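Asker: Next comes work.cif, mmCIF, C-alpha atoms:
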```cif
data_entry
#
loop_
_atom_site.group_PDB
_atom_site.id
_atom_site.type_symbol
_atom_site.label_atom_id
_atom_site.label_comp_id
_atom_site.auth_asym_id
_atom_site.auth_seq_id
_atom_site.Cartn_x
_atom_site.Cartn_y
_atom_site.Cartn_z
ATOM 1 C CA MET A 1366 -4.190 -17.059 -0.846
ATOM 2 C CA GLY A 1367 -7.573 -18.749 -1.180
ATOM 3 C CA GLU A 1368 -9.360 -15.544 -0.284
ATOM 4 C CA PHE A 1369 -7.388 -13.661 -2.908
ATOM 5 C CA LEU A 1370 -8.112 -16.241 -5.629
ATOM 6 C CA LYS A 1371 -11.800 -16.226 -4.762
ATOM 7 C CA ALA A 1372 -12.003 -12.426 -4.781
ATOM 8 C CA ARG A 1373 -10.227 -12.186 -8.126
ATOM 9 C CA ARG A 1374 -12.354 -14.774 -9.954
ATOM 10 C CA ALA A 1375 -15.461 -12.966 -8.664
ATOM 11 C CA GLU A 1376 -14.312 -9.859 -10.577
ATOM 12 C CA LEU A 1377 -14.047 -11.581 -13.969
ATOM 13 C CA THR A 1378 -16.676 -12.446 -16.549
ATOM 14 C CA LEU A 1379 -16.672 -15.270 -19.082
ATOM 15 C CA GLY A 1380 -15.926 -12.743 -21.783
ATOM 16 C CA ASP A 1381 -12.864 -11.466 -19.879
ATOM 17 C CA VAL A 1382 -11.211 -14.895 -20.207
ATOM 18 C CA GLY A 1383 -12.388 -15.729 -23.713
ATOM 19 C CA LEU A 1384 -15.262 -18.075 -22.835
ATOM 20 C CA PRO A 1385 -18.703 -17.693 -24.458
ATOM 21 C CA GLU A 1386 -21.160 -15.738 -22.336
ATOM 22 C CA SER A 1387 -23.927 -17.802 -20.752
ATOM 23 C CA ARG A 1388 -27.535 -16.982 -21.573
ATOM 24 C CA GLN A 1389 -28.689 -18.258 -18.201
ATOM 25 C CA GLN A 1390 -28.756 -16.098 -15.100
ATOM 26 C CA ARG A 1391 -25.871 -16.859 -12.739
ATOM 27 C CA ARG A 1392 -26.536 -17.019 -9.022
ATOM 28 C CA VAL A 1393 -23.192 -15.417 -8.122
ATOM 29 C CA PRO A 1394 -20.979 -13.011 -10.100
ATOM 30 C CA GLY A 1395 -17.677 -13.980 -11.647
ATOM 31 C CA LEU A 1396 -16.129 -17.206 -12.812
ATOM 32 C CA ARG A 1397 -16.901 -20.585 -11.305
ATOM 33 C CA ARG A 1398 -14.174 -22.761 -9.840
ATOM 34 C CA GLU A 1399 -14.512 -25.324 -12.595
ATOM 35 C CA GLU A 1400 -14.050 -22.617 -15.244
ATOM 36 C CA VAL A 1401 -10.826 -21.392 -13.646
ATOM 37 C CA ALA A 1402 -9.604 -24.971 -13.324
ATOM 38 C CA LEU A 1403 -10.384 -25.688 -16.986
ATOM 39 C CA LEU A 1404 -8.448 -22.667 -18.190
ATOM 40 C CA ALA A 1405 -5.512 -23.453 -15.883
ATOM 41 C CA ALA A 1406 -5.414 -27.084 -17.051
ATOM 42 C CA ILE A 1407 -5.828 -28.482 -13.542
ATOM 43 C CA SER A 1408 -8.646 -30.490 -11.999
ATOM 44 C CA THR A 1409 -11.533 -28.754 -10.283
ATOM 45 C CA ALA A 1410 -10.719 -30.742 -7.133
ATOM 46 C CA THR A 1411 -7.140 -29.416 -7.148
ATOM 47 C CA TYR A 1412 -8.247 -25.828 -7.630
ATOM 48 C CA THR A 1413 -10.887 -26.196 -4.915
ATOM 49 C CA ARG A 1414 -8.248 -27.408 -2.446
ATOM 50 C CA LEU A 1415 -6.048 -24.414 -3.303
ATOM 51 C CA GLU A 1416 -8.888 -21.971 -2.751
ATOM 52 C CA GLN A 1417 -9.849 -23.650 0.515
ATOM 53 C CA GLY A 1418 -6.273 -23.561 1.776
ATOM 54 C CA ARG A 1419 -5.937 -27.336 1.845
ATOM 55 C CA ALA A 1420 -3.107 -27.631 -0.702
ATOM 56 C CA GLN A 1421 0.121 -25.908 -1.761
ATOM 57 C CA ALA A 1422 0.572 -24.778 -5.358
ATOM 58 C CA ALA A 1423 3.763 -25.265 -7.357
ATOM 59 C CA GLY A 1424 5.267 -22.297 -9.171
ATOM 60 C CA PRO A 1425 4.067 -23.309 -12.669
ATOM 61 C CA VAL A 1426 0.494 -23.720 -11.410
ATOM 62 C CA LEU A 1427 0.596 -20.303 -9.755
ATOM 63 C CA GLY A 1428 1.948 -18.807 -12.965
ATOM 64 C CA LYS A 1429 -0.881 -20.332 -14.965
ATOM 65 C CA LEU A 1430 -3.483 -19.110 -12.467
ATOM 66 C CA ALA A 1431 -1.998 -15.621 -12.690
ATOM 67 C CA GLN A 1432 -2.514 -15.732 -16.470
ATOM 68 C CA VAL A 1433 -6.041 -17.131 -16.229
ATOM 69 C CA LEU A 1434 -7.120 -14.565 -13.639
ATOM 70 C CA ARG A 1435 -5.556 -11.727 -15.652
ATOM 71 C CA LEU A 1436 -3.389 -10.603 -12.735
ATOM 72 C CA SER A 1437 -1.304 -7.458 -12.983
ATOM 73 C CA GLU A 1438 2.392 -7.639 -12.118
ATOM 74 C CA ASP A 1439 1.691 -6.403 -8.583
ATOM 75 C CA GLN A 1440 -1.109 -8.931 -8.132
ATOM 76 C CA ARG A 1441 1.050 -11.753 -9.505
ATOM 77 C CA ASN A 1442 3.874 -10.896 -7.110
ATOM 78 C CA TYR A 1443 1.354 -10.776 -4.282
ATOM 79 C CA LEU A 1444 0.036 -14.235 -5.180
ATOM 80 C CA PHE A 1445 3.534 -15.735 -5.216
ATOM 81 C CA GLU A 1446 4.382 -14.093 -1.891
ATOM 82 C CA LEU A 1447 1.242 -15.508 -0.314
ATOM 83 C CA ALA A 1448 2.268 -18.957 -1.484
ATOM 84 C CA GLY A 1449 5.638 -18.704 0.324
ATOM 85 C CA LYS A 1450 4.288 -18.433 3.858
ATOM 86 C CA ASP A 1451 6.957 -20.433 5.673
ATOM 87 C CA VAL A 1452 9.726 -18.295 4.190
ATOM 88 C CA PHE A 1453 8.236 -15.025 5.334
ATOM 89 C CA HIS A 1454 7.192 -16.092 8.815
ATOM 90 C CA ARG A 1455 10.811 -16.183 9.928
ATOM 91 C CA ARG A 1456 11.884 -12.886 8.419
ATOM 92 C CA TYR A 1457 10.124 -10.501 10.745
ATOM 93 C CA ARG A 1458 11.296 -11.752 14.115
ATOM 94 C CA ARG A 1459 13.788 -8.922 14.340
ATOM 95 C CA ALA A 1460 14.355 -5.447 15.732
ATOM 96 C CA ARG A 1461 12.475 -2.307 14.746
ATOM 97 C CA GLN A 1462 13.744 -0.699 11.569
ATOM 98 C CA THR A 1463 15.929 2.392 11.700
ATOM 99 C CA VAL A 1464 16.579 4.650 8.754
ATOM 100 C CA GLN A 1465 19.666 3.964 6.654
ATOM 101 C CA PRO A 1466 22.302 6.642 7.471
ATOM 102 C CA TYR A 1467 22.764 7.669 3.843
ATOM 103 C CA LEU A 1468 19.000 8.188 3.491
ATOM 104 C CA GLN A 1469 19.045 10.425 6.552
ATOM 105 C CA ARG A 1470 21.889 12.451 5.029
ATOM 106 C CA LEU A 1471 19.939 12.744 1.791
ATOM 107 C CA LEU A 1472 16.895 14.024 3.675
ATOM 108 C CA ASN A 1473 19.048 16.612 5.425
ATOM 109 C CA ASP A 1474 20.373 17.810 2.053
ATOM 110 C CA LEU A 1475 16.883 18.426 0.610
ATOM 111 C CA PRO A 1476 15.908 21.660 2.386
ATOM 112 C CA ALA A 1477 13.366 22.791 -0.245
ATOM 113 C CA ILE A 1478 11.815 19.423 -1.192
ATOM 114 C CA PRO A 1479 9.376 17.462 1.020
ATOM 115 C CA ALA A 1480 10.725 13.944 1.538
ATOM 116 C CA PHE A 1481 10.349 11.123 4.040
ATOM 117 C CA VAL A 1482 11.322 7.472 4.423
ATOM 118 C CA LEU A 1483 8.739 4.709 4.778
ATOM 119 C CA GLY A 1484 9.562 1.299 6.193
ATOM 120 C CA ARG A 1485 7.522 -1.833 6.809
ATOM 121 C CA ARG A 1486 3.796 -1.285 7.370
ATOM 122 C CA THR A 1487 4.344 2.314 6.081
ATOM 123 C CA ASP A 1488 6.176 3.157 9.325
ATOM 124 C CA ILE A 1489 7.577 6.692 9.024
ATOM 125 C CA LEU A 1490 11.273 6.169 9.744
ATOM 126 C CA ALA A 1491 12.584 9.661 8.982
ATOM 127 C CA TRP A 1492 11.551 12.951 7.378
ATOM 128 C CA ASN A 1493 12.867 16.403 6.635
ATOM 129 C CA GLU A 1494 11.563 19.778 7.714
ATOM 130 C CA MET A 1495 9.603 20.310 4.497
ATOM 131 C CA ALA A 1496 7.760 17.004 4.862
ATOM 132 C CA ALA A 1497 6.725 17.988 8.379
ATOM 133 C CA ALA A 1498 5.574 21.385 7.111
ATOM 134 C CA LEU A 1499 3.636 19.866 4.215
ATOM 135 C CA VAL A 1500 1.978 16.888 5.925
ATOM 136 C CA THR A 1501 2.234 17.004 9.719
ATOM 137 C CA ASP A 1502 4.803 17.245 12.500
ATOM 138 C CA PHE A 1503 5.690 13.554 12.593
ATOM 139 C CA GLY A 1504 7.870 14.114 15.661
ATOM 140 C CA GLN A 1505 4.764 14.862 17.750
ATOM 141 C CA ILE A 1506 3.273 11.443 16.955
ATOM 142 C CA PRO A 1507 4.162 8.594 19.363
ATOM 143 C CA LEU A 1508 6.670 6.230 17.793
ATOM 144 C CA LYS A 1509 4.346 3.210 17.837
ATOM 145 C CA GLN A 1510 1.635 5.209 16.051
ATOM 146 C CA ARG A 1511 3.930 6.845 13.490
ATOM 147 C CA THR A 1512 2.566 4.928 10.490
ATOM 148 C CA TYR A 1513 1.398 6.681 7.336
ATOM 149 C CA VAL A 1514 -1.624 4.516 6.585
ATOM 150 C CA ARG A 1515 -2.732 4.884 10.202
ATOM 151 C CA LEU A 1516 -2.532 8.681 9.932
ATOM 152 C CA LEU A 1517 -4.677 8.612 6.802
ATOM 153 C CA PHE A 1518 -7.526 6.951 8.694
ATOM 154 C CA THR A 1519 -7.164 8.429 12.191
ATOM 155 C CA ASP A 1520 -6.078 12.059 11.679
ATOM 156 C CA PRO A 1521 -8.991 14.244 10.447
ATOM 157 C CA ALA A 1522 -6.512 16.780 9.064
ATOM 158 C CA MET A 1523 -5.387 14.227 6.455
ATOM 159 C CA ARG A 1524 -8.871 14.149 4.942
ATOM 160 C CA THR A 1525 -8.651 17.913 4.517
ATOM 161 C CA LEU A 1526 -5.086 17.848 3.208
ATOM 162 C CA TYR A 1527 -6.023 15.423 0.413
ATOM 163 C CA PRO A 1528 -9.086 16.631 -1.559
ATOM 164 C CA ASP A 1529 -9.107 13.190 -3.216
ATOM 165 C CA TRP A 1530 -8.674 11.441 0.135
ATOM 166 C CA GLU A 1531 -10.672 8.344 -0.840
ATOM 167 C CA ASN A 1532 -8.421 7.424 -3.761
ATOM 168 C CA VAL A 1533 -5.289 8.205 -1.721
ATOM 169 C CA ALA A 1534 -6.508 6.009 1.123
ATOM 170 C CA ARG A 1535 -7.616 3.187 -1.196
ATOM 171 C CA ARG A 1536 -4.154 3.057 -2.762
ATOM 172 C CA ALA A 1537 -2.514 3.069 0.664
ATOM 173 C CA VAL A 1538 -4.650 0.089 1.712
ATOM 174 C CA ALA A 1539 -3.753 -1.753 -1.508
ATOM 175 C CA GLN A 1540 -0.046 -1.118 -0.880
ATOM 176 C CA LEU A 1541 -0.409 -2.301 2.710
ATOM 177 C CA ARG A 1542 -2.142 -5.458 1.472
ATOM 178 C CA THR A 1543 0.844 -6.118 -0.815
ATOM 179 C CA GLU A 1544 3.227 -5.639 2.081
ATOM 180 C CA ALA A 1545 1.186 -7.923 4.322
ATOM 181 C CA ALA A 1546 2.034 -10.815 2.020
ATOM 182 C CA ARG A 1547 5.734 -10.171 2.619
ATOM 183 C CA THR A 1548 5.363 -9.713 6.377
ATOM 184 C CA GLN A 1549 3.279 -12.725 7.330
ATOM 185 C CA GLY A 1550 3.909 -13.560 10.955
ATOM 186 C CA ASP A 1551 4.643 -9.914 11.829
ATOM 187 C CA PRO A 1552 2.532 -9.143 14.943
ATOM 188 C CA ARG A 1553 2.745 -5.374 14.387
ATOM 189 C CA MET A 1554 1.148 -5.740 10.953
ATOM 190 C CA SER A 1555 -1.654 -7.830 12.470
ATOM 191 C CA THR A 1556 -2.174 -5.248 15.211
ATOM 192 C CA LEU A 1557 -2.289 -2.378 12.716
ATOM 193 C CA VAL A 1558 -4.795 -4.095 10.419
ATOM 194 C CA GLY A 1559 -6.930 -5.151 13.371
ATOM 195 C CA GLU A 1560 -6.994 -1.650 14.837
ATOM 196 C CA LEU A 1561 -7.903 0.070 11.570
ATOM 197 C CA SER A 1562 -10.498 -2.576 10.700
ATOM 198 C CA THR A 1563 -12.180 -1.960 14.046
ATOM 199 C CA ARG A 1564 -12.018 1.822 13.887
ATOM 200 C CA ASP A 1565 -12.896 2.516 10.260
ATOM 201 C CA GLU A 1566 -15.570 0.891 8.103
ATOM 202 C CA GLN A 1567 -13.972 2.067 4.859
ATOM 203 C CA PHE A 1568 -10.640 0.502 5.762
ATOM 204 C CA ARG A 1569 -12.400 -2.736 6.670
ATOM 205 C CA THR A 1570 -14.259 -2.790 3.348
ATOM 206 C CA TRP A 1571 -11.229 -1.961 1.215
ATOM 207 C CA TRP A 1572 -9.004 -4.451 3.040
ATOM 208 C CA ALA A 1573 -11.525 -7.226 2.459
ATOM 209 C CA ALA A 1574 -11.584 -6.406 -1.286
ATOM 210 C CA GLU A 1575 -8.086 -7.959 -1.672
ATOM 211 C CA VAL A 1576 -6.877 -5.197 -4.030
ATOM 212 C CA VAL A 1577 -3.077 -4.899 -4.200
ATOM 213 C CA ALA A 1578 -0.714 -2.220 -5.514
ATOM 214 C CA GLY A 1579 2.989 -1.509 -5.555
ATOM 215 C CA ARG A 1580 4.829 1.740 -4.964
ATOM 216 C CA GLY A 1581 5.743 3.901 -7.912
ATOM 217 C CA ILE A 1582 5.205 7.433 -9.149
ATOM 218 C CA GLY A 1583 2.226 9.726 -9.505
ATOM 219 C CA ALA A 1584 0.751 13.134 -8.771
ATOM 220 C CA LYS A 1585 -1.316 14.322 -5.841
ATOM 221 C CA ASP A 1586 -3.491 17.357 -5.230
ATOM 222 C CA LEU A 1587 -3.236 18.849 -1.759
ATOM 223 C CA ASN A 1588 -5.074 21.580 0.098
ATOM 224 C CA HIS A 1589 -2.547 22.971 2.563
ATOM 225 C CA PRO A 1590 -3.776 25.190 5.428
ATOM 226 C CA VAL A 1591 -0.952 27.707 4.891
ATOM 227 C CA VAL A 1592 -0.215 27.854 1.145
ATOM 228 C CA GLY A 1593 -3.506 26.544 -0.263
ATOM 229 C CA ALA A 1594 -3.890 24.289 -3.310
ATOM 230 C CA LEU A 1595 -0.873 22.327 -4.548
ATOM 231 C CA THR A 1596 -0.257 19.739 -7.235
ATOM 232 C CA LEU A 1597 2.893 17.760 -6.555
ATOM 233 C CA ASP A 1598 4.583 14.875 -8.359
ATOM 234 C CA TRP A 1599 5.855 12.080 -6.146
ATOM 235 C CA ASP A 1600 8.372 9.347 -6.750
ATOM 236 C CA THR A 1601 9.559 6.338 -4.751
ATOM 237 C CA LEU A 1602 13.244 5.488 -4.472
ATOM 238 C CA THR A 1603 13.996 2.121 -2.853
ATOM 239 C CA SER A 1604 17.145 1.633 -0.809
ATOM 240 C CA ALA A 1605 19.598 -0.898 -2.219
ATOM 241 C CA ALA A 1606 20.933 -1.502 1.297
ATOM 242 C CA ASP A 1607 17.463 -2.262 2.665
ATOM 243 C CA PRO A 1608 14.751 -2.831 0.027
ATOM 244 C CA GLU A 1609 12.119 -2.364 2.745
ATOM 245 C CA GLN A 1610 13.001 1.334 3.072
ATOM 246 C CA HIS A 1611 11.504 3.722 0.525
ATOM 247 C CA LEU A 1612 12.372 7.387 0.066
ATOM 248 C CA ILE A 1613 9.268 9.329 -1.002
ATOM 249 C CA VAL A 1614 10.081 12.645 -2.717
ATOM 250 C CA TRP A 1615 7.521 15.325 -3.702
ATOM 251 C CA THR A 1616 8.367 17.949 -6.312
ATOM 252 C CA ALA A 1617 6.547 20.640 -8.279
ATOM 253 C CA GLU A 1618 6.676 21.567 -11.959
ATOM 254 C CA PRO A 1619 9.305 24.339 -12.356
ATOM 255 C CA GLY A 1620 7.703 27.757 -12.755
ATOM 256 C CA SER A 1621 4.296 26.535 -11.613
ATOM 257 C CA ARG A 1622 2.137 28.009 -8.897
ATOM 258 C CA SER A 1623 2.829 24.914 -6.826
ATOM 259 C CA ALA A 1624 6.582 25.528 -7.087
ATOM 260 C CA ASP A 1625 6.049 29.066 -5.815
ATOM 261 C CA SER A 1626 3.895 27.683 -2.998
ATOM 262 C CA LEU A 1627 6.635 25.256 -1.961
ATOM 263 C CA ARG A 1628 9.068 28.174 -1.668
ATOM 264 C CA VAL A 1629 6.559 30.028 0.503
ATOM 265 C CA LEU A 1630 6.120 26.896 2.621
ATOM 266 C CA ALA A 1631 9.901 26.588 3.034
ATOM 267 C CA SER A 1632 10.069 30.200 4.274
ATOM 268 C CA TRP A 1633 7.167 29.558 6.651
ATOM 269 C CA ALA A 1634 8.853 26.410 8.011
ATOM 270 C CA ALA A 1635 12.134 28.273 8.499
ATOM 271 C CA GLY A 1636 10.300 31.044 10.356
ATOM 272 C CA ASN A 1637 8.662 28.533 12.656
ATOM 273 C CA ARG A 1638 12.058 26.962 13.338
ATOM 274 C CA LEU A 1639 13.486 30.323 14.391
ATOM 275 C CA ILE A 1640 10.512 30.964 16.684
ATOM 276 C CA ARG A 1641 10.923 27.557 18.343
ATOM 277 C CA GLY A 1642 14.668 28.121 18.627
#
```
Let's see the structure in the file written out as structure tokens.
Answerer:
Amino acid sequence: MGEFLKARRAELTLGDVGLPESRQQRRVPGLRREEVALLAAISTATYTRLEQGRAQAAGPVLGKLAQVLRLSEDQRNYLFELAGKDVFHRRYRRARQTVQPYLQRLLNDLPAIPAFVLGRRTDILAWNEMAAALVTDFGQIPLKQRTYVRLLFTDPAMRTLYPDWENVARRAVAQLRTEAARTQGDPRMSTLVGELSTRDEQFRTWWAAEVVAGRGIGAKDLNHPVVGALTLDWDTLTSAADPEQHLIVWTAEPGSRSADSLRVLASWAAGNRLIRG
């Protein structure tokens, strides 16, 4: 939590928080500890202990710090999750996730729409034939390595699939950072972050930036090796039975070139299935 607070105050200027700009050159960017403490109505000593990890913050103090540091909703949730360490340490001593049966049935009933289910750490729990045709054959990836963020950084084909790979990967790291706050004490999360930090300088840099993001909706451009350029809208549907399972669905604007390309991709995938059969 201290690292996150420090990183966030370094991003802000005096003007961002309504304080008069200083005419003197500052040795380091961002707000000083005493300025954050003043705005949060706590002592500098108290704030310093929070940032150094030597004190626990009550909910009202965290709420005030979230206001002072101009945190987004995702960042605020992340801050509160970091503050509840003892609660989350116990949660993840349990078996590997398996896809909810109704989500699997839903995947099976979406023959023309790419869809897959993400679990903790962006583990790929299940997918349909169109998702495999669009992204990669997830079934060929060893179970322990079948993690979406890992694929983004270790599979060269993913950098070709996403023309805007850097922004896609940055968002994935920010989402993983958010999840890490909920999965403290999870050894598989620690192993994943350690592996990617060692293997990839960009991951290491973006992870250290303490940027967080939630799941939602958006659009992605893709460059598929079979059907070429695509622009697809994606949405995230969270399971009510297990809020740590997310159905990701990709669709195309009706009548668009991308919609036509998805139909071609479905035919190609069906042809490959017949050949394998």
Asker: Using only C-alpha atoms for the distances, tell me which of A:Gly1380, A:Gly1579, A:Pro1552, A:Gly1424 is nearest to A:Ala1537.
Answerer: A:Gly1579
Asker: Evaluate the PyMOL selection byres ((chain A and resi 1545) around 12) against this structure - the residues, as a ChimeraX atom specification, please.
Answerer: /A:1366,1443-1444,1446-1447,1450,1453-1454,1457,1485-1487,1538-1544,1546-1558,1572,1575-1579
Asker: Take the residues from that selection and write them out as an mmCIF file, keeping the file's coordinate frame, keeping C-alpha atoms.
Answerer:
```
data_model
loop_
_atom_site.group_PDB
_atom_site.id
_atom_site.type_symbol
_atom_site.label_atom_id
_atom_site.label_comp_id
_atom_site.auth_asym_id
_atom_site.auth_seq_id
_atom_site.Cartn_x
_atom_site.Cartn_y
_atom_site.Cartn_z
ATOM 1 C CA MET A 1366 -4.190 -17.059 -0.846
ATOM 2 C CA TYR A 1443 1.354 -10.776 -4.282
ATOM 3 C CA LEU A 1444 0.036 -14.235 -5.180
ATOM 4 C CA GLU A 1446 4.382 -14.093 -1.891
ATOM 5 C CA LEU A 1447 1.242 -15.508 -0.314
ATOM 6 C CA LYS A 1450 4.288 -18.433 3.858
ATOM 7 C CA PHE A 1453 8.236 -15.025 5.334
ATOM 8 C CA HIS A 1454 7.192 -16.092 8.815
ATOM 9 C CA TYR A 1457 10.124 -10.501 10.745
ATOM 10 C CA ARG A 1485 7.522 -1.833 6.809
ATOM 11 C CA ARG A 1486 3.796 -1.285 7.370
ATOM 12 C CA THR A 1487 4.344 2.314 6.081
ATOM 13 C CA VAL A 1538 -4.650 0.089 1.712
ATOM 14 C CA ALA A 1539 -3.753 -1.753 -1.508
ATOM 15 C CA GLN A 1540 -0.046 -1.118 -0.880
ATOM 16 C CA LEU A 1541 -0.409 -2.301 2.710
ATOM 17 C CA ARG A 1542 -2.142 -5.458 1.472
ATOM 18 C CA THR A 1543 0.844 -6.118 -0.815
ATOM 19 C CA GLU A 1544 3.227 -5.639 2.081
ATOM 20 C CA ALA A 1546 2.034 -10.815 2.020
ATOM 21 C CA ARG A 1547 5.734 -10.171 2.619
ATOM 22 C CA THR A 1548 5.363 -9.713 6.377
ATOM 23 C CA GLN A 1549 3.279 -12.725 7.330
ATOM 24 C CA GLY A 1550 3.909 -13.560 10.955
ATOM 25 C CA ASP A 1551 4.643 -9.914 11.829
ATOM 26 C CA PRO A 1552 2.532 -9.143 14.943
ATOM 27 C CA ARG A 1553 2.745 -5.374 14.387
ATOM 28 C CA MET A 1554 1.148 -5.740 10.953
ATOM 29 C CA SER A 1555 -1.654 -7.830 12.470
ATOM 30 C CA THR A 1556 -2.174 -5.248 15.211
ATOM 31 C CA LEU A 1557 -2.289 -2.378 12.716
ATOM 32 C CA VAL A 1558 -4.795 -4.095 10.419
ATOM 33 C CA TRP A 1572 -9.004 -4.451 3.040
ATOM 34 C CA GLU A 1575 -8.086 -7.959 -1.672
ATOM 35 C CA VAL A 1576 -6.877 -5.197 -4.030
ATOM 36 C CA VAL A 1577 -3.077 -4.899 -4.200
ATOM 37 C CA ALA A 1578 -0.714 -2.220 -5.514
ATOM 38 C CA GLY A 1579 2.989 -1.509 -5.555
#
```
Asker: Counting only C-alpha atoms, which residue out of A:Leu1561, A:Ala1573, A:Leu1517, A:Leu1499 sits closest to A:Pro1590?
Answerer: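 Residue with the minimum atom-to-atom distance to A:Pro1590: A:Leu1499.
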Asker: Skip A:Val1614 itself and residues of its chain fewer than 2 positions away, then list as a PyMOL selection string all residues within 10 Å of it, counting only C-alpha atoms.
Answerer: chain A and resi 1472+1475+1478-1482+1496+1582+1597-1602+1611-1612+1616
Asker: Got a sec to resolve the PyMOL selection byres ((chain A and resi 1504-1514) around 9) on this structure and send the residues as a PDB file with C-alpha atoms, in the coordinates of the input?
Answerer:
```
ATOM      1  CA  LEU A1483       8.739   4.709   4.778  1.00  0.00           C
ATOM      2  CA  GLY A1484       9.562   1.299   6.193  1.00  0.00           C
ATOM      3  CA  ARG A1486       3.796  -1.285   7.370  1.00  0.00           C
ATOM      4  CA  THR A1487       4.344   2.314   6.081  1.00  0.00           C
ATOM      5  CA  ASP A1488       6.176   3.157   9.325  1.00  0.00           C
ATOM      6  CA  ILE A1489       7.577   6.692   9.024  1.00  0.00           C
ATOM      7  CA  LEU A1490      11.273   6.169   9.744  1.00  0.00           C
ATOM      8  CA  ALA A1497       6.725  17.988   8.379  1.00  0.00           C
ATOM      9  CA  THR A1501       2.234  17.004   9.719  1.00  0.00           C
ATOM     10  CA  ASP A1502       4.803  17.245  12.500  1.00  0.00           C
ATOM     11  CA  PHE A1503       5.690  13.554  12.593  1.00  0.00           C
ATOM     12  CA  ARG A1515      -2.732   4.884  10.202  1.00  0.00           C
ATOM     13  CA  LEU A1516      -2.532   8.681   9.932  1.00  0.00           C
ATOM     14  CA  LEU A1517      -4.677   8.612   6.802  1.00  0.00           C
ATOM     15  CA  PHE A1518      -7.526   6.951   8.694  1.00  0.00           C
ATOM     16  CA  THR A1519      -7.164   8.429  12.191  1.00  0.00           C
ATOM     17  CA  ALA A1534      -6.508   6.009   1.123  1.00  0.00           C
ATOM     18  CA  ALA A1537      -2.514   3.069   0.664  1.00  0.00           C
ATOM     19  CA  VAL A1538      -4.650   0.089   1.712  1.00  0.00           C
ATOM     20  CA  LEU A1541      -0.409  -2.301   2.710  1.00  0.00           C
TER      21      LEU A1541
END
```
Asker: Given only C-alpha atoms as the basis, pick out the residue of A:Ala1410, A:Gly1449, A:Arg1580, A:Leu1377 nearest to A:Arg1536.
Answerer: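 Ranking A:Ala1410, A:Gly1449, A:Arg1580, A:Leu1377 by distance to A:Arg1536, first place goes to A:Arg1580.
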Asker: Using only C-alpha atoms, which residue out of A:Pro1528, A:Pro1466, A:Pro1619, A:Gly1395 lies closest to A:Asn1588?
Answerer: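 Of the candidates, the smallest distance to A:Asn1588 is held by A:Pro1528.
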Asker: Can you list, as a ChimeraX atom specification, every protein, DNA or RNA residue that comes within 12 Å of A:Thr1411 when you count only C-alpha atoms, leaving out same-chain residues fewer than 5 positions away?
Answerer: /A:1398-1399,1401-1403,1405-1406,1416-1423,1426
Asker: Please write the residues picked by the PyMOL selection byres ((chain A and resi 1464) around 8) on this file as a CSV table (one decimal) with C-alpha atoms, in the coordinates of the input.
Answerer:
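As a result, part05.csv now contains:
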```
chain,number,residue,atom,x,y,z
A,1462,GLN,CA,13.7,-0.7,11.6
A,1463,THR,CA,15.9,2.4,11.7
A,1465,GLN,CA,19.7,4.0,6.7
A,1466,PRO,CA,22.3,6.6,7.5
A,1468,LEU,CA,19.0,8.2,3.5
A,1469,GLN,CA,19.0,10.4,6.6
A,1482,VAL,CA,11.3,7.5,4.4
A,1490,LEU,CA,11.3,6.2,9.7
A,1491,ALA,CA,12.6,9.7,9.0
A,1610,GLN,CA,13.0,1.3,3.1
```
Asker: Can you list, as a list in words, every protein, DNA or RNA residue that comes within 10 Å of A:Asp1586 when you count only C-alpha atoms, leaving out same-chain residues fewer than 5 positions away?
Answerer: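 Counting only the stated atoms, we get Leu1526, Tyr1527, Pro1528, Asp1529, Trp1530, Val1533, Ala1594, Leu1595, Thr1596, Leu1597, Asp1598 and Ser1623 of chain A.
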Asker: Hey, can you spit out that residue selection with C-alpha atoms as a PDB file, in the coordinates of the input?
Answerer:
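The new file again_16.pdb reads:
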```
ATOM      1  CA  LEU A1526      -5.086  17.848   3.208  1.00  0.00           C
ATOM      2  CA  TYR A1527      -6.023  15.423   0.413  1.00  0.00           C
ATOM      3  CA  PRO A1528      -9.086  16.631  -1.559  1.00  0.00           C
ATOM      4  CA  ASP A1529      -9.107  13.190  -3.216  1.00  0.00           C
ATOM      5  CA  TRP A1530      -8.674  11.441   0.135  1.00  0.00           C
ATOM      6  CA  VAL A1533      -5.289   8.205  -1.721  1.00  0.00           C
ATOM      7  CA  ALA A1594      -3.890  24.289  -3.310  1.00  0.00           C
ATOM      8  CA  LEU A1595      -0.873  22.327  -4.548  1.00  0.00           C
ATOM      9  CA  THR A1596      -0.257  19.739  -7.235  1.00  0.00           C
ATOM     10  CA  LEU A1597       2.893  17.760  -6.555  1.00  0.00           C
ATOM     11  CA  ASP A1598       4.583  14.875  -8.359  1.00  0.00           C
ATOM     12  CA  SER A1623       2.829  24.914  -6.826  1.00  0.00           C
TER      13      SER A1623
END
```
Asker: Would you mind telling me which residue in A:Ala1634, A:Leu1434, A:Ala1605, A:Ile1407 lies nearest to A:Ala1375 when using all atoms listed in the file?
Answerer: A:Leu1434
Asker: Of the residues A:Arg1392, A:Arg1628, A:Arg1397, A:Arg1441, which is the one nearest to A:Leu1379, using all atoms listed in the file?
Answerer: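 Using all atoms listed in the file, the shortest distance to A:Leu1379 belongs to A:Arg1397.
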Asker: Padding 3 Å on every side, please: axis-aligned box over the listed atoms of stretch 1433-1440 of chain A, centre and edge lengths to one decimal in Å, as JSON.
Answerer:
```
{"center_x": -2.4, "center_y": -11.8, "center_z": -12.2, "size_x": 15.5, "size_y": 16.7, "size_z": 14.1}
```
Asker: Between atom CA of A:Met1495 and atom CA of A:Leu1627, what distance in Å does the model show, to one decimal?
Answerer: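 Between atom CA of A:Met1495 and atom CA of A:Leu1627 the gap is 8.7 Å.
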Asker: In Å, rounded to a single decimal, give me how far atom CA of A:Thr1409 is from atom CA of A:Lys1429.
Answerer: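 Calculated distance between atom CA of A:Lys1429 and atom CA of A:Thr1409 is 14.4 Å.
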